[in-house]
>>> print(open('query-v3.txt').read())   # compact mmCIF, C-alpha atoms and all ligand atoms
# COMPACT_ATOMS: atom_id res chain seq x y z
CA MET A 126 151.55 127.58 207.94
CA GLU A 127 149.84 124.57 206.33
CA GLU A 128 146.43 125.19 204.75
CA ARG A 129 144.61 122.88 207.21
CA LYS A 130 146.05 124.80 210.18
CA ILE A 131 145.02 128.14 208.70
CA LYS A 132 141.49 126.73 208.33
CA GLU A 133 141.54 125.52 211.96
CA ARG A 134 142.72 128.90 213.21
CA ASP A 135 140.16 130.86 211.18
CA PHE A 136 137.29 128.51 212.12
CA HIS A 137 138.09 128.68 215.84
CA ASN A 138 138.63 132.43 215.76
CA LYS A 139 135.09 132.63 214.37
CA ILE A 140 133.30 130.32 216.82
CA ARG A 141 134.71 131.43 220.18
CA VAL A 142 131.81 132.64 222.32
CA VAL A 143 131.88 135.70 224.49
CA THR A 144 129.24 135.42 227.17
CA ASP A 145 129.49 138.26 229.60
CA ASP A 146 130.06 142.00 229.64
CA SER A 147 133.66 141.69 230.76
CA GLY A 148 134.35 139.59 227.66
CA VAL A 149 134.85 136.32 229.50
CA ALA A 150 134.19 133.32 227.31
CA GLU A 151 132.87 129.97 228.53
CA THR A 152 132.23 126.91 226.41
CA ARG A 153 131.29 124.30 229.02
CA TRP A 154 127.56 123.53 228.89
CA SER A 155 125.20 125.16 231.35
CA GLU A 156 121.51 126.04 231.02
CA GLU A 157 122.47 129.70 231.16
CA LEU A 158 125.09 129.39 228.41
CA GLU A 159 122.74 127.41 226.20
CA SER A 160 120.08 130.10 226.45
CA THR A 161 122.67 132.82 225.77
CA ILE A 162 123.91 131.22 222.56
CA LYS A 163 120.68 129.63 221.37
CA ASN A 164 120.54 131.78 218.24
CA ASN A 165 124.14 131.10 217.25
CA PRO A 166 123.99 128.40 214.54
CA LEU A 167 127.62 127.40 215.21
CA TRP A 168 126.80 126.18 218.71
CA VAL A 169 123.60 124.15 218.17
CA ASN A 170 125.47 120.97 219.12
CA MET A 171 126.31 122.32 222.58
CA LYS A 172 123.15 120.64 223.97
CA TYR A 173 124.81 117.21 223.79
CA TYR A 174 127.42 118.34 226.29
CA SER A 175 124.69 118.60 228.95
CA ILE A 176 125.08 114.87 229.63
CA GLU A 177 128.87 114.84 230.07
CA ARG A 178 128.77 114.56 233.87
CA GLU A 179 130.44 111.11 234.19
CA SER A 180 133.42 111.82 231.92
CA ARG A 181 133.75 115.31 233.37
CA ASP A 182 133.77 114.00 236.96
CA PHE A 183 136.47 111.50 235.96
CA VAL A 184 138.63 114.28 234.48
CA LEU A 185 138.06 116.64 237.42
CA ASP A 186 139.01 113.86 239.82
CA PHE A 187 142.22 113.33 237.82
CA PHE A 188 142.99 117.08 238.07
CA ARG A 189 142.44 116.96 241.84
CA LYS A 190 144.72 113.95 242.28
CA HIS A 191 147.53 114.84 239.88
CA THR A 192 148.03 118.60 239.56
CA LYS A 193 149.06 119.69 243.07
CA ASP A 194 152.41 121.55 242.88
CA LYS A 195 152.75 120.49 239.24
CA VAL A 196 153.64 122.24 236.01
CA VAL A 197 150.67 121.73 233.70
CA LEU A 198 149.96 122.36 230.02
CA ASP A 199 146.47 123.06 228.65
CA TYR A 200 147.09 121.66 225.14
CA CYS A 201 144.91 123.41 222.51
CA ALA A 202 143.44 125.41 225.35
CA GLY A 203 140.34 126.79 223.60
CA ASN A 204 138.89 129.39 225.94
CA GLY A 205 141.02 128.09 228.79
CA GLU A 206 138.42 126.76 231.23
CA ASP A 207 140.38 123.68 232.25
CA GLY A 208 143.76 125.39 232.55
CA VAL A 209 142.28 128.23 234.60
CA LEU A 210 140.43 125.74 236.79
CA ILE A 211 143.69 123.87 237.44
CA ALA A 212 145.55 127.13 238.12
CA SER A 213 142.80 128.07 240.59
CA GLY A 214 143.62 124.87 242.50
CA TYR A 215 147.06 123.89 243.74
CA ALA A 216 149.10 123.65 240.53
CA LEU A 217 152.44 125.42 240.52
CA LYS A 218 152.07 126.88 237.05
CA VAL A 219 149.77 126.38 234.07
CA TYR A 220 150.77 126.99 230.46
CA GLY A 221 148.39 127.03 227.52
CA ILE A 222 148.82 126.87 223.77
CA ASP A 223 146.31 127.26 220.94
CA ILE A 224 146.53 128.15 217.27
CA SER A 225 143.62 130.61 217.60
CA ASP A 226 144.66 134.07 218.78
CA VAL A 227 141.04 134.76 219.82
CA SER A 228 141.17 131.69 222.08
CA ILE A 229 144.45 132.76 223.65
CA SER A 230 143.11 136.23 224.26
CA ASN A 231 140.02 134.64 225.89
CA CYS A 232 142.28 132.44 228.06
CA ARG A 233 144.14 135.50 229.33
CA ILE A 234 140.87 137.36 230.08
CA LEU A 235 139.48 134.33 231.94
CA ALA A 236 142.71 133.89 233.95
CA GLU A 237 142.61 137.57 234.88
CA LYS A 238 138.97 137.35 235.93
CA LYS A 239 139.64 134.30 238.12
CA GLY A 240 142.73 135.94 239.66
CA VAL A 241 145.29 133.43 238.35
CA SER A 242 147.15 135.49 235.73
CA ALA A 243 150.42 135.23 237.66
CA LYS A 244 150.18 131.42 237.62
CA THR A 245 149.33 131.10 233.92
CA GLU A 246 151.24 131.68 230.70
CA TYR A 247 149.53 131.44 227.31
CA LYS A 248 150.87 131.53 223.80
CA VAL A 249 149.54 131.29 220.27
CA GLY A 250 151.26 128.32 218.65
CA ASP A 251 151.05 125.02 216.81
CA ALA A 252 150.36 122.00 219.02
CA GLU A 253 152.32 119.74 216.63
CA ASN A 254 155.45 121.84 217.15
CA THR A 255 155.00 123.67 220.43
CA GLY A 256 158.47 125.11 220.97
CA TYR A 257 158.47 123.98 224.63
CA ASP A 258 161.64 122.28 225.87
CA ASN A 259 161.90 118.48 226.21
CA ASP A 260 160.59 117.10 229.53
CA THR A 261 158.82 120.32 230.60
CA PHE A 262 155.40 119.23 231.92
CA ASP A 263 154.23 117.02 234.78
CA VAL A 264 150.67 116.94 233.45
CA ILE A 265 149.18 117.79 230.06
CA THR A 266 145.43 118.09 229.64
CA GLU A 267 143.76 117.81 226.26
CA TYR A 268 140.05 118.05 225.56
CA GLY A 269 138.58 117.62 222.09
CA ALA A 270 141.68 118.68 220.21
CA LEU A 271 143.52 115.60 218.91
CA HIS A 272 141.06 115.19 216.05
CA HIS A 273 142.02 118.70 214.87
CA LEU A 274 145.65 117.61 214.55
CA ASP A 275 147.84 115.11 212.78
CA GLN A 276 147.65 112.55 215.57
CA ASP A 277 151.08 110.99 215.08
CA SER A 278 152.72 114.43 215.21
CA ALA A 279 150.66 115.32 218.28
CA PHE A 280 151.48 112.11 220.19
CA ARG A 281 155.18 112.51 219.30
CA GLU A 282 155.18 116.11 220.54
CA LEU A 283 153.28 115.23 223.74
CA ALA A 284 155.78 112.46 224.52
CA ARG A 285 158.69 114.88 223.92
CA ILE A 286 157.48 117.72 226.18
CA LEU A 287 156.10 115.47 228.96
CA LYS A 288 158.42 114.64 231.87
CA LYS A 289 159.39 110.95 232.10
CA ASP A 290 157.08 110.42 235.08
CA GLY A 291 154.34 112.73 233.75
CA LYS A 292 150.82 112.00 232.52
CA VAL A 293 148.67 113.25 229.65
CA ILE A 294 144.89 113.13 230.05
CA CYS A 295 142.92 113.21 226.79
CA ASN A 296 139.14 113.49 226.36
CA GLU A 297 138.00 112.79 222.80
CA ALA A 298 134.79 112.02 220.92
CA LEU A 299 134.70 108.68 219.10
CA ALA A 300 133.80 107.88 215.49
CA HIS A 301 132.44 104.30 215.80
CA ASN A 302 128.77 105.07 216.54
CA LEU A 303 127.11 105.36 213.12
CA LEU A 304 124.20 107.49 214.36
CA ILE A 305 126.43 110.01 216.07
CA HIS A 306 128.81 110.06 213.12
CA ALA A 307 125.93 110.53 210.64
CA TYR A 308 124.88 113.62 212.63
CA ARG A 309 128.41 115.01 212.23
CA LYS A 310 128.37 114.41 208.48
CA LEU A 311 124.95 116.11 208.24
CA THR A 312 126.17 119.24 210.07
CA PRO A 313 129.41 120.10 208.24
CA HIS A 314 129.15 123.83 209.07
CA LEU A 315 129.79 123.00 212.77
CA ARG A 316 133.31 121.72 212.22
CA THR A 317 136.27 121.80 209.85
CA GLU A 318 136.61 119.13 207.15
CA TRP A 319 139.83 117.86 208.73
CA GLU A 320 138.13 117.53 212.09
CA VAL A 321 135.24 115.35 210.93
CA GLU A 322 137.60 113.05 209.03
CA HIS A 323 139.89 112.61 212.06
CA ILE A 324 137.47 111.92 214.92
CA MET A 325 139.19 109.10 216.72
CA LYS A 326 138.63 105.38 216.51
CA LYS A 327 140.08 102.72 218.77
CA LYS A 328 142.97 102.20 216.33
CA ASP A 329 143.85 105.92 216.48
CA ILE A 330 143.98 105.90 220.27
CA LEU A 331 146.14 102.78 220.16
CA LYS A 332 148.63 104.64 217.93
CA ALA A 333 149.62 106.40 221.14
CA LEU A 334 151.37 103.14 222.08
CA ASN A 335 154.07 104.07 219.53
CA TYR A 336 154.93 107.04 221.74
CA PHE A 337 153.88 106.00 225.28
CA ASN A 338 154.36 102.69 227.06
CA ASP A 339 151.08 103.01 228.94
CA VAL A 340 147.66 103.90 227.52
CA GLU A 341 144.66 103.56 229.84
CA ILE A 342 141.27 103.94 228.14
CA HIS A 343 137.85 104.71 229.71
CA LEU A 344 134.66 104.91 227.64
CA PHE A 345 131.65 107.15 228.42
CA HIS A 346 128.12 108.06 227.27
CA LEU A 347 125.80 105.90 225.23
CA SER A 348 122.22 105.56 226.55
CA THR A 349 122.71 108.86 228.44
CA LEU A 350 122.40 110.65 225.07
CA LEU A 351 118.66 109.83 225.21
CA SER A 352 118.28 112.37 228.01
CA VAL A 353 119.50 115.32 225.90
CA PRO A 354 115.99 116.41 224.76
CA PHE A 355 114.90 116.58 228.42
CA ARG A 356 117.86 118.65 229.61
CA ASN A 357 115.82 121.72 230.57
CA THR A 358 113.01 119.79 232.29
CA PHE A 359 112.57 118.46 235.82
CA ILE A 360 113.03 114.82 234.76
CA PHE A 361 116.52 115.43 233.36
CA ARG A 362 118.59 114.77 236.47
CA PRO A 363 116.82 111.57 237.59
CA MET A 364 116.77 110.31 234.00
CA LEU A 365 120.47 111.07 233.53
CA SER A 366 121.34 109.31 236.79
CA MET A 367 119.38 106.22 235.74
CA LEU A 368 120.95 106.13 232.27
CA GLU A 369 124.43 106.62 233.73
CA LYS A 370 123.87 103.38 235.65
CA LEU A 371 122.70 101.68 232.47
CA ASP A 372 125.76 102.96 230.59
CA LYS A 373 128.01 101.41 233.24
CA LEU A 374 126.55 98.04 232.27
CA LEU A 375 126.32 98.61 228.50
CA LEU A 376 129.86 99.90 228.22
CA LYS A 377 131.18 96.67 229.70
CA ILE A 378 129.80 94.67 226.77
CA PRO A 379 132.60 94.16 224.22
CA VAL A 380 130.42 94.62 221.08
CA LEU A 381 128.82 97.79 222.48
CA LYS A 382 131.52 99.61 224.36
CA TRP A 383 133.17 101.31 221.37
CA GLN A 384 129.73 102.71 220.42
CA ALA A 385 130.28 105.20 223.26
CA TRP A 386 130.31 108.88 222.41
CA GLN A 387 133.53 109.75 224.27
CA ALA A 388 136.77 108.27 225.50
CA VAL A 389 139.05 109.56 228.24
CA PHE A 390 142.54 108.12 227.99
CA ILE A 391 145.64 108.60 230.05
CA LEU A 392 149.07 108.39 228.46
CA SER A 393 152.15 107.83 230.59
CA ASN A 394 155.68 106.50 230.51
CA PRO A 395 156.67 108.35 227.29
CA LYS A 396 159.02 106.60 224.85
CA LYS A 397 161.60 109.33 224.68
CA GLU A 398 163.64 107.69 221.93
CA THR A 399 160.75 107.89 219.38
CA SER A 400 159.61 111.38 220.35
CA VAL A 401 162.77 113.34 219.41
C1 LIG B 1 137.28 121.64 220.07
S1 LIG B 1 138.39 122.89 220.53
C2 LIG B 1 138.79 122.39 222.16
C3 LIG B 1 139.26 123.54 222.99
C4 LIG B 1 139.53 123.27 224.45
N1 LIG B 1 140.48 122.19 224.68
C5 LIG B 1 138.27 123.03 225.24
O1 LIG B 1 138.29 122.18 226.10
O2 LIG B 1 137.27 123.71 225.04
C6 LIG B 1 139.87 122.49 219.62
C7 LIG B 1 140.95 123.56 219.80
O3 LIG B 1 142.12 123.14 219.09
C8 LIG B 1 142.74 124.29 218.55
N2 LIG B 1 143.65 123.87 217.47
C9 LIG B 1 143.33 123.31 216.29
N3 LIG B 1 144.47 123.04 215.60
C10 LIG B 1 145.51 123.43 216.37
C11 LIG B 1 146.92 123.41 216.22
N4 LIG B 1 147.53 122.92 215.12
N5 LIG B 1 147.68 123.89 217.22
C12 LIG B 1 147.12 124.41 218.34
N6 LIG B 1 145.78 124.47 218.54
C13 LIG B 1 144.99 123.97 217.58
C14 LIG B 1 141.57 125.14 218.09
O4 LIG B 1 141.91 126.49 217.89
C15 LIG B 1 140.57 124.92 219.23
O5 LIG B 1 140.71 125.90 220.24
>>> encode(input="query-v3.txt", output="structure tokens", more="lines below")
Ligand SMILES: C[S@@+](CC[C@H](N)C(=O)[O-])C[C@H]1O[C@@H](n2cnc3c(N)ncnc32)[C@H](O)[C@@H]1O
Amino acid sequence: MEERKIKERDFHNKIRVVTDDSGVAETRWSEELESTIKNNPLWVNMKYYSIERESRDFVLDFFRKHTKDKVVLDYCAGNGEDGVLIASGYALKVYGIDISDVSISNCRILAEKKGVSAKTEYKVGDAENTGYDNDTFDVITEYGALHHLDQDSAFRELARILKKDGKVICNEALAHNLLIHAYRKLTPHLRTEWEVEHIMKKKDILKALNYFNDVEIHLFHLSTLLSVPFRNTFIFRPMLSMLEKLDKLLLKIPVLKWQAWQAVFILSNPKKETSV
């Protein structure tokens, strides 16, 4: 295995959080999780995820609309929250792949706990060379993983294993905002070197057009980041709601919109001839 992939595997094996007595791991932000892991220096950045509501609602709405009776892949599954959530809905079957064996073990434990083991199938593997057959998946979900990969190899592989009428939904942090990016550079222990150098820019997302005919991009979270320090106080929810409205305006302005923290993009109509 390449050196960078060994580093990814070892880093993620180290940071996976186990939060309850049955060994179930969760990594989506909640007040309870934040207080559980507050002394773990590898998770100090989790607080920022408290303001993800808008992008999360968008993704959850996509899952509701597009995964019924479908074969789904949780690509770089992490602890498996999204795949297990989809399997708990109306999907036919959910597969998951991750290079970290600790993650895959956590996925299986979570699936068992939520009663969806029979509908899920996880494997340890490399997302750039998954071993799945061509045209296998109706939907592929990816959250925060493309910047851990060689993005051309990942897009090529996604286009190969996606069915011709399938869709990939990606949720990625962006590298354009200098303040946010400076924070990443100042906290190198929270991520691998490869990761920080490959956080996506507009041009990286647009590379997907070499492998998919359609790329639909939505940008989220700018002024809402100001509410992070208030997340455990009574003003958080009203403040977040107000700033979400402001973001809707700000993120329409061409010179500002790529300053957003996150992008959700949907890839469809794969170019099969360039993916083999
Ligand atoms: C930031 S985490 C995101 C995990 C998950 N998608 C989530 O929503 O929490 C990135 C994941 O990518 C996985 N990863 C990194 N490189 C990989 C590779 N080459 N193949 C498969 N998984 C990889 C890591 O082990 C980690 O679980």
>>> closest_atom_pairs(input="query-v3.txt", of="chain A", to="ligand LIG 1 (chain B)", cutoff="7 Å", atoms="only C-alpha atoms and all ligand atoms", output="CSV")
residue,atom,partner,partner_atom,distance
A:Lys130,CA,B:LIG1,N4,5.5
A:Glu133,CA,B:LIG1,C9,5.2
A:Arg134,CA,B:LIG1,O4,5.3
A:His137,CA,B:LIG1,O4,4.9
A:Thr152,CA,B:LIG1,O2,6.1
A:Tyr200,CA,B:LIG1,N1,6.6
A:Cys201,CA,B:LIG1,N6,4.2
A:Ala202,CA,B:LIG1,N1,4.4
A:Gly203,CA,B:LIG1,C3,3.5
A:Asn204,CA,B:LIG1,O2,6.0
A:Gly205,CA,B:LIG1,C4,6.7
A:Glu206,CA,B:LIG1,O1,6.9
A:Asp207,CA,B:LIG1,O1,6.7
A:Ile222,CA,B:LIG1,C12,6.2
A:Asp223,CA,B:LIG1,N6,3.7
A:Ile224,CA,B:LIG1,C12,3.9
A:Ser225,CA,B:LIG1,O4,4.5
A:Ser228,CA,B:LIG1,O5,6.1
A:Gly250,CA,B:LIG1,C12,5.7
A:Asp251,CA,B:LIG1,N5,3.6
A:Ala252,CA,B:LIG1,N5,3.7
A:Glu253,CA,B:LIG1,N4,5.9
A:Glu267,CA,B:LIG1,N1,5.7
A:Tyr268,CA,B:LIG1,N1,4.3
A:Gly269,CA,B:LIG1,C1,4.7
A:Ala270,CA,B:LIG1,C6,4.3
A:His273,CA,B:LIG1,C9,5.0
A:Leu274,CA,B:LIG1,N3,5.7
>>> residues_around(input="query-v3.txt", residues="stretch 362-376 of chain A", least_positions_apart="4", cutoff="10 Å", atoms="all atoms listed in the file", output="PyMOL selection string")
chain A and resi 175-179+343-353+355-358+380-385
>>> write_last_selection(input="query-v3.txt", atoms="C-alpha atoms", output="PDB file, keeping the file's coordinate frame")
ATOM      1  CA  SER A 175     124.690 118.600 228.950  1.00  0.00           C
ATOM      2  CA  ILE A 176     125.080 114.870 229.630  1.00  0.00           C
ATOM      3  CA  GLU A 177     128.870 114.840 230.070  1.00  0.00           C
ATOM      4  CA  ARG A 178     128.770 114.560 233.870  1.00  0.00           C
ATOM      5  CA  GLU A 179     130.440 111.110 234.190  1.00  0.00           C
ATOM      6  CA  HIS A 343     137.850 104.710 229.710  1.00  0.00           C
ATOM      7  CA  LEU A 344     134.660 104.910 227.640  1.00  0.00           C
ATOM      8  CA  PHE A 345     131.650 107.150 228.420  1.00  0.00           C
ATOM      9  CA  HIS A 346     128.120 108.060 227.270  1.00  0.00           C
ATOM     10  CA  LEU A 347     125.800 105.900 225.230  1.00  0.00           C
ATOM     11  CA  SER A 348     122.220 105.560 226.550  1.00  0.00           C
ATOM     12  CA  THR A 349     122.710 108.860 228.440  1.00  0.00           C
ATOM     13  CA  LEU A 350     122.400 110.650 225.070  1.00  0.00           C
ATOM     14  CA  LEU A 351     118.660 109.830 225.210  1.00  0.00           C
ATOM     15  CA  SER A 352     118.280 112.370 228.010  1.00  0.00           C
ATOM     16  CA  VAL A 353     119.500 115.320 225.900  1.00  0.00           C
ATOM     17  CA  PHE A 355     114.900 116.580 228.420  1.00  0.00           C
ATOM     18  CA  ARG A 356     117.860 118.650 229.610  1.00  0.00           C
ATOM     19  CA  ASN A 357     115.820 121.720 230.570  1.00  0.00           C
ATOM     20  CA  THR A 358     113.010 119.790 232.290  1.00  0.00           C
ATOM     21  CA  VAL A 380     130.420  94.620 221.080  1.00  0.00           C
ATOM     22  CA  LEU A 381     128.820  97.790 222.480  1.00  0.00           C
ATOM     23  CA  LYS A 382     131.520  99.610 224.360  1.00  0.00           C
ATOM     24  CA  TRP A 383     133.170 101.310 221.370  1.00  0.00           C
ATOM     25  CA  GLN A 384     129.730 102.710 220.420  1.00  0.00           C
ATOM     26  CA  ALA A 385     130.280 105.200 223.260  1.00  0.00           C
TER      27      ALA A 385
END
>>> closest_residue(input="query-v3.txt", among="A:Gly214, A:Gly221, A:Leu271, A:Leu283", to="A:Gly240", atoms="all atoms listed in the file")
A:Gly214
>>> closest_atom_pairs(input="query-v3.txt", of="stretch 191-282 of chain A", to="stretch 291-302 of chain A", cutoff="10 Å", atoms="only C-alpha atoms", output="tab-separated table")
residue	atom	partner	partner_atom	distance
A:His191	CA	A:Lys292	CA	8.5
A:Lys195	CA	A:Gly291	CA	9.6
A:Val196	CA	A:Gly291	CA	9.8
A:Val197	CA	A:Val293	CA	9.6
A:Leu198	CA	A:Val293	CA	9.2
A:Tyr200	CA	A:Cys295	CA	9.6
A:Asp260	CA	A:Gly291	CA	8.7
A:Thr261	CA	A:Gly291	CA	9.4
A:Phe262	CA	A:Gly291	CA	6.8
A:Asp263	CA	A:Gly291	CA	4.4
A:Val264	CA	A:Lys292	CA	5.0
A:Ile265	CA	A:Val293	CA	4.6
A:Thr266	CA	A:Ile294	CA	5.0
A:Glu267	CA	A:Cys295	CA	4.7
A:Tyr268	CA	A:Asn296	CA	4.7
A:Gly269	CA	A:Glu297	CA	4.9
A:Ala270	CA	A:Glu297	CA	7.4
A:Leu271	CA	A:Glu297	CA	7.3
A:His272	CA	A:Glu297	CA	7.8
A:Phe280	CA	A:Val293	CA	9.9
>>> atom_distance(input="query-v3.txt", atom1="atom CA of A:Pro395", atom2="atom CA of A:Glu320")
25.7 Å
>>> atom_distance(input="query-v3.txt", atom1="atom CA of A:Asn231", atom2="atom CA of A:Glu246")
12.6 Å
>>> atom_distance(input="query-v3.txt", atom1="atom CA of A:Ser160", atom2="atom CA of A:Arg181")
21.3 Å
>>> closest_residue(input="query-v3.txt", among="A:Asp186, A:Ile305, A:Leu217, A:Asn138", to="A:Val321", atoms="only C-alpha atoms")
A:Ile305
>>> closest_residue(input="query-v3.txt", among="A:Ser230, A:Gln276, A:Asn338, A:Thr317", to="A:Ile131", atoms="only C-alpha atoms")
A:Thr317
>>> closest_residue(input="query-v3.txt", among="A:Glu398, A:Trp319, A:His306, A:Ala388", to="A:Glu128", atoms="only C-alpha atoms")
A:Trp319
>>> closest_residue(input="query-v3.txt", among="A:Met325, A:Leu315, A:Leu392, A:Ile360", to="A:Ile342", atoms="only C-alpha atoms")
A:Leu392
>>> closest_residue(input="query-v3.txt", among="A:Thr192, A:Ser242, A:Asn394, A:Ser155", to="A:Tyr174", atoms="all atoms listed in the file")
A:Ser155
>>> residues_around(input="query-v3.txt", residues="A:Asp277", least_positions_apart="4", cutoff="8 Å", atoms="only C-alpha atoms", output="PyMOL selection string")
chain A and resi 281+332-333
>>> decode(input="query-v3.txt", residues="stretch 242-250 of chain A", atoms="all heavy atoms", output="short mmCIF file (atom, residue, chain, number, x, y, z; two decimals), in the first residue's frame")
data_model
loop_
_atom_site.label_atom_id
_atom_site.label_comp_id
_atom_site.auth_asym_id
_atom_site.auth_seq_id
_atom_site.Cartn_x
_atom_site.Cartn_y
_atom_site.Cartn_z
N SER A 242 -28.07 -5.04 10.26
CA SER A 242 -26.91 -5.84 9.80
C SER A 242 -27.21 -6.59 8.50
O SER A 242 -26.36 -6.66 7.61
CB SER A 242 -26.49 -6.86 10.86
OG SER A 242 -25.90 -6.18 11.91
N ALA A 243 -28.43 -7.16 8.41
CA ALA A 243 -28.76 -7.98 7.24
C ALA A 243 -28.81 -7.14 5.96
O ALA A 243 -28.65 -7.66 4.86
CB ALA A 243 -30.09 -8.67 7.46
N LYS A 244 -29.03 -5.84 6.13
CA LYS A 244 -29.13 -4.96 4.94
C LYS A 244 -27.82 -4.26 4.61
O LYS A 244 -27.77 -3.43 3.72
CB LYS A 244 -30.19 -3.88 5.20
CG LYS A 244 -31.58 -4.27 4.75
CD LYS A 244 -32.58 -3.23 5.22
CE LYS A 244 -32.86 -2.16 4.21
NZ LYS A 244 -33.88 -1.21 4.67
N THR A 245 -26.77 -4.52 5.41
CA THR A 245 -25.51 -3.80 5.19
C THR A 245 -24.37 -4.78 4.97
O THR A 245 -24.41 -5.91 5.46
CB THR A 245 -25.16 -2.91 6.41
OG1 THR A 245 -25.17 -3.72 7.59
CG2 THR A 245 -26.12 -1.77 6.58
N GLU A 246 -23.38 -4.32 4.22
CA GLU A 246 -22.20 -5.15 3.97
C GLU A 246 -20.98 -4.24 3.91
O GLU A 246 -20.92 -3.37 3.04
CB GLU A 246 -22.38 -5.90 2.65
CG GLU A 246 -21.40 -7.03 2.50
CD GLU A 246 -21.72 -7.88 1.27
OE1 GLU A 246 -22.91 -8.21 1.02
OE2 GLU A 246 -20.76 -8.18 0.54
N TYR A 247 -20.07 -4.41 4.84
CA TYR A 247 -18.91 -3.52 4.95
C TYR A 247 -17.63 -4.25 4.60
O TYR A 247 -17.50 -5.44 4.87
CB TYR A 247 -18.81 -2.97 6.38
CG TYR A 247 -19.93 -2.01 6.69
CD1 TYR A 247 -21.04 -2.42 7.42
CD2 TYR A 247 -19.89 -0.70 6.23
CE1 TYR A 247 -22.08 -1.55 7.68
CE2 TYR A 247 -20.92 0.17 6.49
CZ TYR A 247 -22.00 -0.25 7.21
OH TYR A 247 -23.04 0.62 7.46
N LYS A 248 -16.68 -3.49 4.02
CA LYS A 248 -15.36 -4.10 3.83
C LYS A 248 -14.26 -3.07 4.01
O LYS A 248 -14.45 -1.87 3.72
CB LYS A 248 -15.26 -4.80 2.47
CG LYS A 248 -15.19 -3.89 1.27
CD LYS A 248 -14.90 -4.71 0.00
CE LYS A 248 -14.77 -3.84 -1.23
NZ LYS A 248 -14.57 -4.60 -2.47
N VAL A 249 -13.11 -3.55 4.47
CA VAL A 249 -11.92 -2.71 4.51
C VAL A 249 -11.36 -2.69 3.10
O VAL A 249 -11.21 -3.74 2.48
CB VAL A 249 -10.87 -3.31 5.48
CG1 VAL A 249 -9.59 -2.48 5.47
CG2 VAL A 249 -11.43 -3.41 6.89
N GLY A 250 -11.10 -1.49 2.57
CA GLY A 250 -10.57 -1.44 1.21
C GLY A 250 -10.20 -0.02 0.82
O GLY A 250 -10.45 0.93 1.55
#
